[in-house]
file data06.cif (mmCIF, C-alpha atoms)
data_start
loop_
_atom_site.label_atom_id
_atom_site.label_comp_id
_atom_site.auth_asym_id
_atom_site.auth_seq_id
_atom_site.Cartn_x
_atom_site.Cartn_y
_atom_site.Cartn_z
CA MET A 1 -9.25 -38.80 30.72
CA ASN A 2 -5.90 -38.56 28.96
CA LEU A 3 -4.42 -35.29 27.72
CA ASP A 4 -5.31 -35.80 24.04
CA ALA A 5 -8.94 -36.39 24.94
CA PHE A 6 -8.85 -33.24 27.06
CA TRP A 7 -7.56 -31.09 24.17
CA GLN A 8 -10.24 -32.57 21.93
CA ALA A 9 -12.92 -31.85 24.51
CA LEU A 10 -11.80 -28.17 24.49
CA GLU A 11 -11.82 -28.16 20.70
CA TYR A 12 -15.36 -29.56 20.45
CA SER A 13 -16.70 -27.42 23.29
CA PRO A 14 -19.17 -24.69 22.22
CA ILE A 15 -16.42 -22.03 22.62
CA GLY A 16 -13.81 -23.95 20.63
CA ASP A 17 -16.33 -24.71 17.95
CA PHE A 18 -17.50 -21.09 17.73
CA VAL A 19 -13.96 -19.64 17.38
CA ALA A 20 -13.05 -22.23 14.75
CA VAL A 21 -16.23 -21.99 12.68
CA SER A 22 -17.19 -18.29 12.89
CA GLY A 23 -15.73 -16.21 10.08
CA TRP A 24 -14.85 -13.20 12.21
CA ALA A 25 -14.09 -14.59 15.69
CA PHE A 26 -10.60 -15.92 14.94
CA PRO A 27 -9.21 -12.77 13.20
CA ALA A 28 -10.89 -10.54 15.80
CA LEU A 29 -9.38 -12.50 18.71
CA GLU A 30 -6.03 -12.56 16.91
CA SER A 31 -6.10 -8.77 16.50
CA ALA A 32 -6.90 -8.29 20.19
CA HIS A 33 -4.16 -10.82 21.02
CA VAL A 34 -1.59 -8.80 19.02
CA ILE A 35 -2.66 -5.55 20.74
CA GLY A 36 -2.34 -7.26 24.14
CA VAL A 37 1.03 -8.81 23.30
CA VAL A 38 2.63 -5.64 21.91
CA LEU A 39 1.53 -3.68 25.00
CA VAL A 40 2.92 -6.37 27.32
CA VAL A 41 6.24 -6.42 25.47
CA GLY A 42 6.38 -2.64 24.98
CA SER A 43 5.69 -1.81 28.62
CA ILE A 44 8.01 -4.53 29.97
CA ALA A 45 10.78 -3.36 27.64
CA ILE A 46 10.51 0.17 29.12
CA MET A 47 11.29 -1.30 32.56
CA ASP A 48 14.00 -3.65 31.20
CA LEU A 49 15.78 -0.78 29.42
CA ARG A 50 15.70 1.25 32.66
CA LEU A 51 17.25 -1.67 34.59
CA LEU A 52 19.93 -1.97 31.89
CA GLY A 53 20.63 1.77 32.09
CA VAL A 54 19.71 2.35 28.43
CA ALA A 55 16.65 4.63 28.83
CA SER A 56 14.65 6.62 31.44
CA LYS A 57 17.79 6.96 33.55
CA VAL A 58 16.61 10.08 35.43
CA CYS A 59 13.32 8.41 36.38
CA SER A 60 13.25 6.47 39.66
CA VAL A 61 12.99 2.71 39.14
CA SER A 62 10.07 2.26 41.55
CA GLN A 63 8.17 5.18 39.99
CA LEU A 64 8.65 3.77 36.49
CA SER A 65 7.45 0.41 37.79
CA ARG A 66 4.29 2.05 39.20
CA ASP A 67 3.73 3.77 35.83
CA THR A 68 4.12 0.67 33.68
CA LEU A 69 3.34 -2.48 35.69
CA PRO A 70 -0.47 -2.04 36.06
CA TRP A 71 -0.71 -1.64 32.26
CA THR A 72 1.58 -4.62 31.70
CA TRP A 73 -0.77 -6.78 33.80
CA ALA A 74 -3.91 -5.39 32.15
CA ALA A 75 -2.45 -6.09 28.70
CA PHE A 76 -1.31 -9.54 29.87
CA VAL A 77 -4.90 -10.41 30.88
CA VAL A 78 -6.10 -9.38 27.39
CA ALA A 79 -3.34 -11.43 25.73
CA ALA A 80 -3.95 -14.49 27.96
CA VAL A 81 -7.74 -14.49 27.57
CA THR A 82 -7.67 -13.98 23.79
CA GLY A 83 -4.78 -16.47 23.49
CA GLY A 84 -6.76 -19.02 25.51
CA LEU A 85 -9.79 -18.60 23.24
CA LEU A 86 -7.60 -18.99 20.13
CA PHE A 87 -6.14 -22.15 21.71
CA PHE A 88 -9.65 -23.61 22.20
CA SER A 89 -10.32 -23.43 18.44
CA ASN A 90 -7.62 -26.02 17.68
CA ALA A 91 -6.40 -27.23 21.08
CA SER A 92 -4.85 -30.53 19.98
CA GLY A 93 -3.12 -28.80 17.03
CA TYR A 94 -1.57 -26.12 19.26
CA ALA A 95 -0.65 -28.57 22.03
CA ALA A 96 1.29 -30.68 19.52
CA ASN A 97 3.02 -27.68 17.88
CA SER A 98 6.64 -27.31 19.02
CA PHE A 99 6.65 -23.50 18.65
CA PHE A 100 3.56 -23.35 20.88
CA GLN A 101 5.27 -25.61 23.43
CA TRP A 102 8.40 -23.43 23.37
CA LYS A 103 6.29 -20.30 23.72
CA MET A 104 4.68 -21.71 26.89
CA VAL A 105 8.11 -22.71 28.30
CA LEU A 106 9.44 -19.20 27.57
CA LEU A 107 6.39 -17.61 29.23
CA ILE A 108 7.08 -19.67 32.37
CA LEU A 109 10.77 -18.65 32.25
CA ALA A 110 9.77 -14.99 31.85
CA GLY A 111 7.41 -15.37 34.82
CA LEU A 112 10.08 -17.04 36.99
CA ASN A 113 12.59 -14.32 36.05
CA MET A 114 10.06 -11.68 37.08
CA ALA A 115 9.24 -13.52 40.34
CA ILE A 116 12.92 -13.88 41.32
CA PHE A 117 13.51 -10.19 40.54
CA HIS A 118 10.43 -9.16 42.51
CA PHE A 119 11.00 -11.31 45.61
CA PHE A 120 14.78 -10.93 45.93
CA THR A 121 16.38 -8.09 43.95
CA TRP A 122 13.44 -5.67 44.41
CA LYS A 123 13.77 -5.88 48.25
CA SER A 124 16.74 -3.51 48.13
CA VAL A 125 15.26 -1.13 45.52
CA HIS A 126 15.40 1.84 47.94
CA ASN A 127 19.21 1.60 47.71
CA TRP A 128 19.36 1.94 43.91
CA ASP A 129 16.11 3.69 43.07
CA VAL A 130 17.46 7.04 41.79
CA ASP A 131 20.80 8.28 40.41
CA CYS A 132 22.42 4.94 41.13
CA GLU A 133 23.85 1.97 39.34
CA VAL A 134 21.33 -0.89 39.21
CA PRO A 135 22.79 -4.03 40.90
CA THR A 136 24.00 -6.81 38.59
CA ALA A 137 21.05 -9.05 39.52
CA GLY A 138 18.69 -6.32 38.30
CA LYS A 139 20.57 -5.87 35.03
CA VAL A 140 20.58 -9.63 34.43
CA ALA A 141 16.82 -9.73 35.10
CA GLY A 142 16.29 -6.90 32.58
CA ALA A 143 18.40 -8.57 29.89
CA LEU A 144 16.76 -11.99 30.42
CA SER A 145 13.31 -10.42 30.33
CA LEU A 146 14.05 -8.75 26.96
CA ILE A 147 15.41 -12.01 25.52
CA PHE A 148 12.51 -14.15 26.81
CA TRP A 149 9.84 -11.77 25.50
CA ILE A 150 11.48 -11.38 22.07
CA LEU A 151 11.57 -15.18 21.83
CA VAL A 152 7.92 -15.42 22.98
CA VAL A 153 6.91 -13.12 20.09
CA THR A 154 9.14 -15.07 17.67
CA CYS A 155 7.63 -18.44 18.64
CA GLY A 156 4.15 -16.91 18.54
CA ARG A 157 4.61 -15.78 14.95
CA TRP A 158 6.09 -19.14 13.92
CA ILE A 159 3.03 -21.01 15.28
CA GLY A 160 0.98 -19.40 12.49
CA PHE A 161 3.39 -20.71 9.85
CA THR A 162 3.63 -24.26 11.17
CA LEU A 163 -0.01 -24.96 12.10
CA GLY A 164 -1.59 -24.60 8.65
CA GLY A 165 -4.42 -22.25 7.69
CA PHE A 166 -4.09 -18.48 7.62
CA PHE A 167 -0.89 -16.62 8.45
CA MET B 1 -14.40 -4.31 1.35
CA TYR B 2 -15.29 -6.55 -1.61
CA GLU B 3 -15.96 -3.58 -3.92
CA PHE B 4 -12.72 -1.92 -2.78
CA ALA B 5 -10.81 -5.16 -3.45
CA GLU B 6 -12.41 -5.48 -6.87
CA TRP B 7 -11.55 -1.89 -7.75
CA LEU B 8 -7.93 -2.34 -6.57
CA SER B 9 -7.55 -5.27 -8.98
CA THR B 10 -8.46 -2.96 -11.90
CA THR B 11 -5.69 -0.44 -11.06
CA PRO B 12 -2.06 -0.64 -12.29
CA LEU B 13 -1.23 -1.93 -8.77
CA LEU B 14 -2.03 -5.46 -9.93
CA GLY B 15 0.54 -5.23 -12.73
CA LEU B 16 3.07 -3.75 -10.31
CA ALA B 17 2.43 -6.56 -7.81
CA ASN B 18 2.91 -9.17 -10.51
CA SER B 19 6.15 -7.61 -11.75
CA ILE B 20 7.63 -7.39 -8.19
CA TRP B 21 6.64 -11.05 -7.72
CA GLY B 22 9.12 -11.92 -10.51
CA TRP B 23 12.11 -10.16 -8.90
CA GLY B 24 14.97 -12.46 -7.88
CA PHE B 25 14.94 -11.06 -4.34
CA SER B 26 11.18 -11.63 -4.04
CA GLU B 27 11.61 -15.23 -5.18
CA TRP B 28 14.51 -15.72 -2.76
CA MET B 29 12.40 -14.54 0.21
CA ARG B 30 9.59 -16.96 -0.67
CA ALA B 31 11.96 -19.85 -1.37
CA ASN B 32 13.57 -19.56 2.08
CA PHE B 33 10.80 -20.48 4.47
CA TRP B 34 12.32 -18.71 7.50
CA VAL B 35 12.57 -15.23 5.92
CA ILE B 36 8.91 -14.10 6.03
CA PRO B 37 8.22 -15.21 9.66
CA THR B 38 11.49 -13.56 10.76
CA VAL B 39 10.68 -10.23 9.07
CA GLN B 40 7.12 -10.41 10.49
CA THR B 41 8.57 -10.97 13.98
CA ILE B 42 10.79 -7.87 13.60
CA HIS B 43 7.71 -5.99 12.37
CA ILE B 44 5.70 -6.99 15.47
CA LEU B 45 8.57 -6.13 17.86
CA ALA B 46 8.80 -2.67 16.23
CA ILE B 47 5.04 -2.27 16.72
CA ALA B 48 5.60 -3.10 20.40
CA ALA B 49 8.17 -0.26 20.61
CA VAL B 50 5.97 2.25 18.74
CA PHE B 51 2.61 1.37 20.31
CA GLY B 52 4.18 1.03 23.79
CA SER B 53 5.72 4.50 23.41
CA VAL B 54 2.56 6.09 21.98
CA PHE B 55 0.59 4.47 24.82
CA MET B 56 2.90 5.91 27.53
CA ILE B 57 2.78 9.41 25.98
CA ASN B 58 -1.01 9.36 25.85
CA LEU B 59 -1.32 7.94 29.37
CA ARG B 60 0.79 10.90 30.47
CA ILE B 61 -1.57 13.29 28.65
CA LEU B 62 -4.55 11.53 30.30
CA GLU B 63 -2.66 11.68 33.64
CA LEU B 64 -3.05 7.93 34.09
CA ALA B 65 0.72 7.26 34.23
CA GLY B 66 3.99 9.18 34.40
CA ARG B 67 2.53 12.18 36.24
CA THR B 68 5.77 12.72 38.17
CA GLN B 69 7.57 13.51 34.90
CA THR B 70 7.14 16.63 32.78
CA MET B 71 5.54 16.52 29.34
CA THR B 72 8.85 17.61 27.80
CA TRP B 73 10.67 14.67 29.44
CA THR B 74 7.94 12.22 28.40
CA ALA B 75 8.14 13.40 24.77
CA GLN B 76 11.95 13.25 24.74
CA ARG B 77 11.91 9.79 26.31
CA TYR B 78 9.38 8.15 24.00
CA LEU B 79 9.24 10.08 20.68
CA PRO B 80 12.62 8.83 19.36
CA TRP B 81 11.34 5.25 19.85
CA VAL B 82 8.23 6.18 17.83
CA TRP B 83 10.32 7.57 14.94
CA TRP B 84 13.01 4.84 14.88
CA GLY B 85 10.29 2.20 15.38
CA LEU B 86 8.35 3.63 12.43
CA LEU B 87 11.50 3.43 10.30
CA VAL B 88 11.94 -0.27 11.19
CA LEU B 89 8.23 -0.81 10.43
CA LEU B 90 8.61 0.90 7.05
CA VAL B 91 11.66 -1.18 6.06
CA SER B 92 10.34 -4.53 7.37
CA GLY B 93 6.90 -3.74 5.89
CA ALA B 94 8.47 -2.95 2.49
CA LEU B 95 10.35 -6.29 2.62
CA LEU B 96 7.07 -8.12 3.33
CA ILE B 97 5.45 -6.39 0.31
CA ILE B 98 8.37 -7.43 -1.92
CA ALA B 99 8.09 -11.03 -0.66
CA GLU B 100 4.36 -11.36 -1.39
CA PRO B 101 3.27 -8.26 -3.39
CA PRO B 102 -0.34 -9.23 -4.27
CA ARG B 103 -1.02 -10.03 -0.59
CA GLU B 104 -0.65 -6.29 0.22
CA LEU B 105 -0.80 -4.13 -2.92
CA VAL B 106 -4.30 -5.16 -4.04
CA ASN B 107 -5.56 -5.73 -0.48
CA PRO B 108 -8.20 -3.29 0.87
CA ALA B 109 -7.10 -3.86 4.51
CA PHE B 110 -3.53 -2.87 3.57
CA TRP B 111 -4.61 0.46 2.00
CA ILE B 112 -6.93 1.30 4.91
CA LYS B 113 -3.98 0.57 7.21
CA MET B 114 -1.71 2.89 5.16
CA GLY B 115 -4.31 5.69 5.40
CA LEU B 116 -4.47 5.27 9.18
CA VAL B 117 -0.64 5.17 9.44
CA LEU B 118 -0.45 8.45 7.51
CA ILE B 119 -2.93 10.09 9.93
CA ALA B 120 -1.08 8.69 12.97
CA THR B 121 2.27 9.98 11.63
CA LEU B 122 0.85 13.47 11.06
CA VAL B 123 -0.61 13.47 14.60
CA SER B 124 2.81 12.50 16.04
CA LEU B 125 4.55 15.26 14.03
CA TRP B 126 1.99 17.79 15.28
CA PHE B 127 2.43 16.55 18.85
CA GLN B 128 6.22 16.87 18.61
CA ALA B 129 5.91 20.42 17.23
CA THR B 130 3.52 21.59 19.97
CA VAL B 131 5.64 20.10 22.76
CA ARG B 132 8.53 22.20 21.44
CA ARG B 133 6.68 25.44 20.70
CA ASN B 134 3.51 25.50 22.79
CA ILE B 135 4.14 23.44 25.92
CA ALA B 136 1.27 25.24 27.73
CA ILE B 137 -1.29 23.07 25.86
CA TRP B 138 -0.18 20.08 27.93
CA GLU B 139 -0.62 21.73 31.31
CA THR B 140 -3.35 20.40 33.56
CA SER B 141 -5.07 23.77 33.76
CA HIS B 142 -5.35 24.28 30.00
CA PRO B 143 -8.91 25.32 29.00
CA LYS B 144 -9.01 22.80 26.15
CA ARG B 145 -8.30 19.96 28.58
CA VAL B 146 -11.38 17.88 27.69
CA LEU B 147 -10.63 18.15 23.98
CA ILE B 148 -7.02 17.10 24.54
CA ARG B 149 -8.12 14.08 26.60
CA ILE B 150 -10.53 12.98 23.88
CA ALA B 151 -7.74 13.35 21.32
CA ALA B 152 -5.37 11.24 23.46
CA VAL B 153 -7.93 8.40 23.64
CA ALA B 154 -8.53 8.76 19.87
CA VAL B 155 -4.80 8.40 19.14
CA ILE B 156 -4.63 5.14 21.17
CA VAL B 157 -7.72 3.85 19.31
CA LEU B 158 -6.14 4.91 16.00
CA TRP B 159 -3.00 2.84 16.62
CA GLY B 160 -5.17 -0.08 17.77
CA ALA B 161 -7.06 0.15 14.45
CA ILE B 162 -3.74 0.10 12.57
CA ILE B 163 -2.82 -3.18 14.32
CA VAL B 164 -6.27 -4.65 13.61
CA MET B 165 -6.01 -3.72 9.90
CA GLY B 166 -2.49 -5.16 9.80
CA ARG B 167 -3.75 -8.50 11.08
CA TRP B 168 -6.73 -8.30 8.71
CA ILE B 169 -4.38 -8.21 5.69
CA ALA B 170 -4.17 -12.00 6.12
CA TYR B 171 -7.97 -12.36 5.89
CA ALA B 172 -9.24 -9.59 3.59
CA PRO B 173 -10.50 -10.50 0.12
CA VAL B 174 -7.92 -10.18 -2.69
CA TYR B 175 -8.79 -10.56 -6.36
#
call {"tool": "encode", "arguments": {"input": "data06.cif", "output": "structure tokens"}}
result
Amino acid sequence: MNLDAFWQALEYSPIGDFVAVSGWAFPALESAHVIGVVLVVGSIAIMDLRLLGVASKVCSVSQLSRDTLPWTWAAFVVAAVTGGLLFFSNASGYAANSFFQWKMVLLILAGLNMAIFHFFTWKSVHNWDVDCEVPTAGKVAGALSLIFWILVVTCGRWIGFTLGGFF
Amino acid sequence: MYEFAEWLSTTPLLGLANSIWGWGFSEWMRANFWVIPTVQTIHILAIAAVFGSVFMINLRILELAGRTQTMTWTAQRYLPWVWWGLLVLLVSGALLIIAEPPRELVNPAFWIKMGLVLIATLVSLWFQATVRRNIAIWETSHPKRVLIRIAAVAVIVLWGAIIVMGRWIAYAPVY
């Protein structure tokens, strides 16, 4: 089965068909997707701004991470599930859309950035947790994270304008 | 919704929308394909700042996050982002109305959204005032604790409804 046939199979599956045909499913999923996305970006930005030394400076980095990260992941699950269902409704259209492709690449980059930060930079967090300058690697991770997520939102909005239909 | 949309089209708003449509600036925004998606992207990023901040404040009230920080610190940390974010939302939202006036001005979802935004703004102003003058309300031992928790959940739901109505502007009936 080639890739095009796979996208079409998703599209003509009962789920894909339902999201595409039902009058309310697509806008409802889109609304939930926006709520998920803004909470992911909002909560990640709180951490990024702390790493960059812009906000929450008196709060310990690890404490702020404990306060935000569970909500980031919860919101990410909402965004990914609703995004997946939206994708089903027009899988071959999304797969061929360059803004969609860029959005997926940027999501992978954001994930890699987070993984590198978590597995390397975070190991020494006890040294720079409170009242301390965040190491350069941490600041770079914060700046890259902000850039990647702003671009993810940008590409996401452009998909709606380049795919046809409602926007 | 349909009756509301029909009624909106009988108000002077329709004439206003049509006259804004003819502005040079309005025409310029529509003629340059990148303008509307860019302003919408800024609008969504500002929502992320406002909703993220409102969410953290209310999680603190519900004691689900940020318990190691005081209520005063939490308010000082997040409220400026709510107010500056709202300003960006107002400006970018106004630009989107100028670009496509009938899409919003005679749209029932838009006016429901504006009503909810007004309520949410008043709630934030009240919250800011009580944090400054009556900090005791936010203490864990306060007798009205249950009421305050319900209100915190309601505020999160309120902002969620604002986002839903915002997205519904693209789908609501317009005459």
call {"tool": "closest_residue", "arguments": {"input": "data06.cif", "among": "B:Gly66, B:Pro37, B:Gly52, B:Gly15", "to": "Gln63 (chain A)", "atoms": "all atoms listed in the file"}}
result
B:Gly66
call {"tool": "residues_around", "arguments": {"input": "data06.cif", "residues": "region 105-110 of chain B", "least_positions_apart": "2", "cutoff": "6 Å", "atoms": "all atoms listed in the file", "output": "list of chain:residue names"}}
result
B:Phe4, B:Ala5, B:Leu8, B:Ser9, B:Pro101, B:Pro102, B:Ile112, B:Lys113, B:Met165, B:Ile169, B:Val174
call {"tool": "resolve_selection", "arguments": {"input": "data06.cif", "expression": "the PyMOL selection byres ((chain A) within 8 of (chain B))", "output": "list in words"}}
result
Pro27, Ala28, Glu30, Ser31, Ala32, Val34, Ile35, Val37, Val38, Leu39, Val41, Gly42, Ser43, Ala55, Ser56, Cys59, Leu64, Asp67, Thr68, Ile150, Val153, Thr154, Arg157, Trp158, Phe161, Phe166 and Phe167 of chain A
call {"tool": "atom_distance", "arguments": {"input": "data06.cif", "atom1": "CA of Leu116 (chain B)", "atom2": "CA of Glu6 (chain B)"}}
result
20.9 Å
call {"tool": "closest_residue", "arguments": {"input": "data06.cif", "among": "B:Pro173, B:Asn18, B:Met29, B:Glu139", "to": "Leu62 (chain B)", "atoms": "only C-alpha atoms"}}
result
B:Glu139
call {"tool": "atom_distance", "arguments": {"input": "data06.cif", "atom1": "CA of Leu96 (chain B)", "atom2": "CA of Leu13 (chain B)"}}
result
15.9 Å
call {"tool": "atom_distance", "arguments": {"input": "data06.cif", "atom1": "CA of Gly24 (chain B)", "atom2": "CA of Ala172 (chain B)"}}
result
26.9 Å
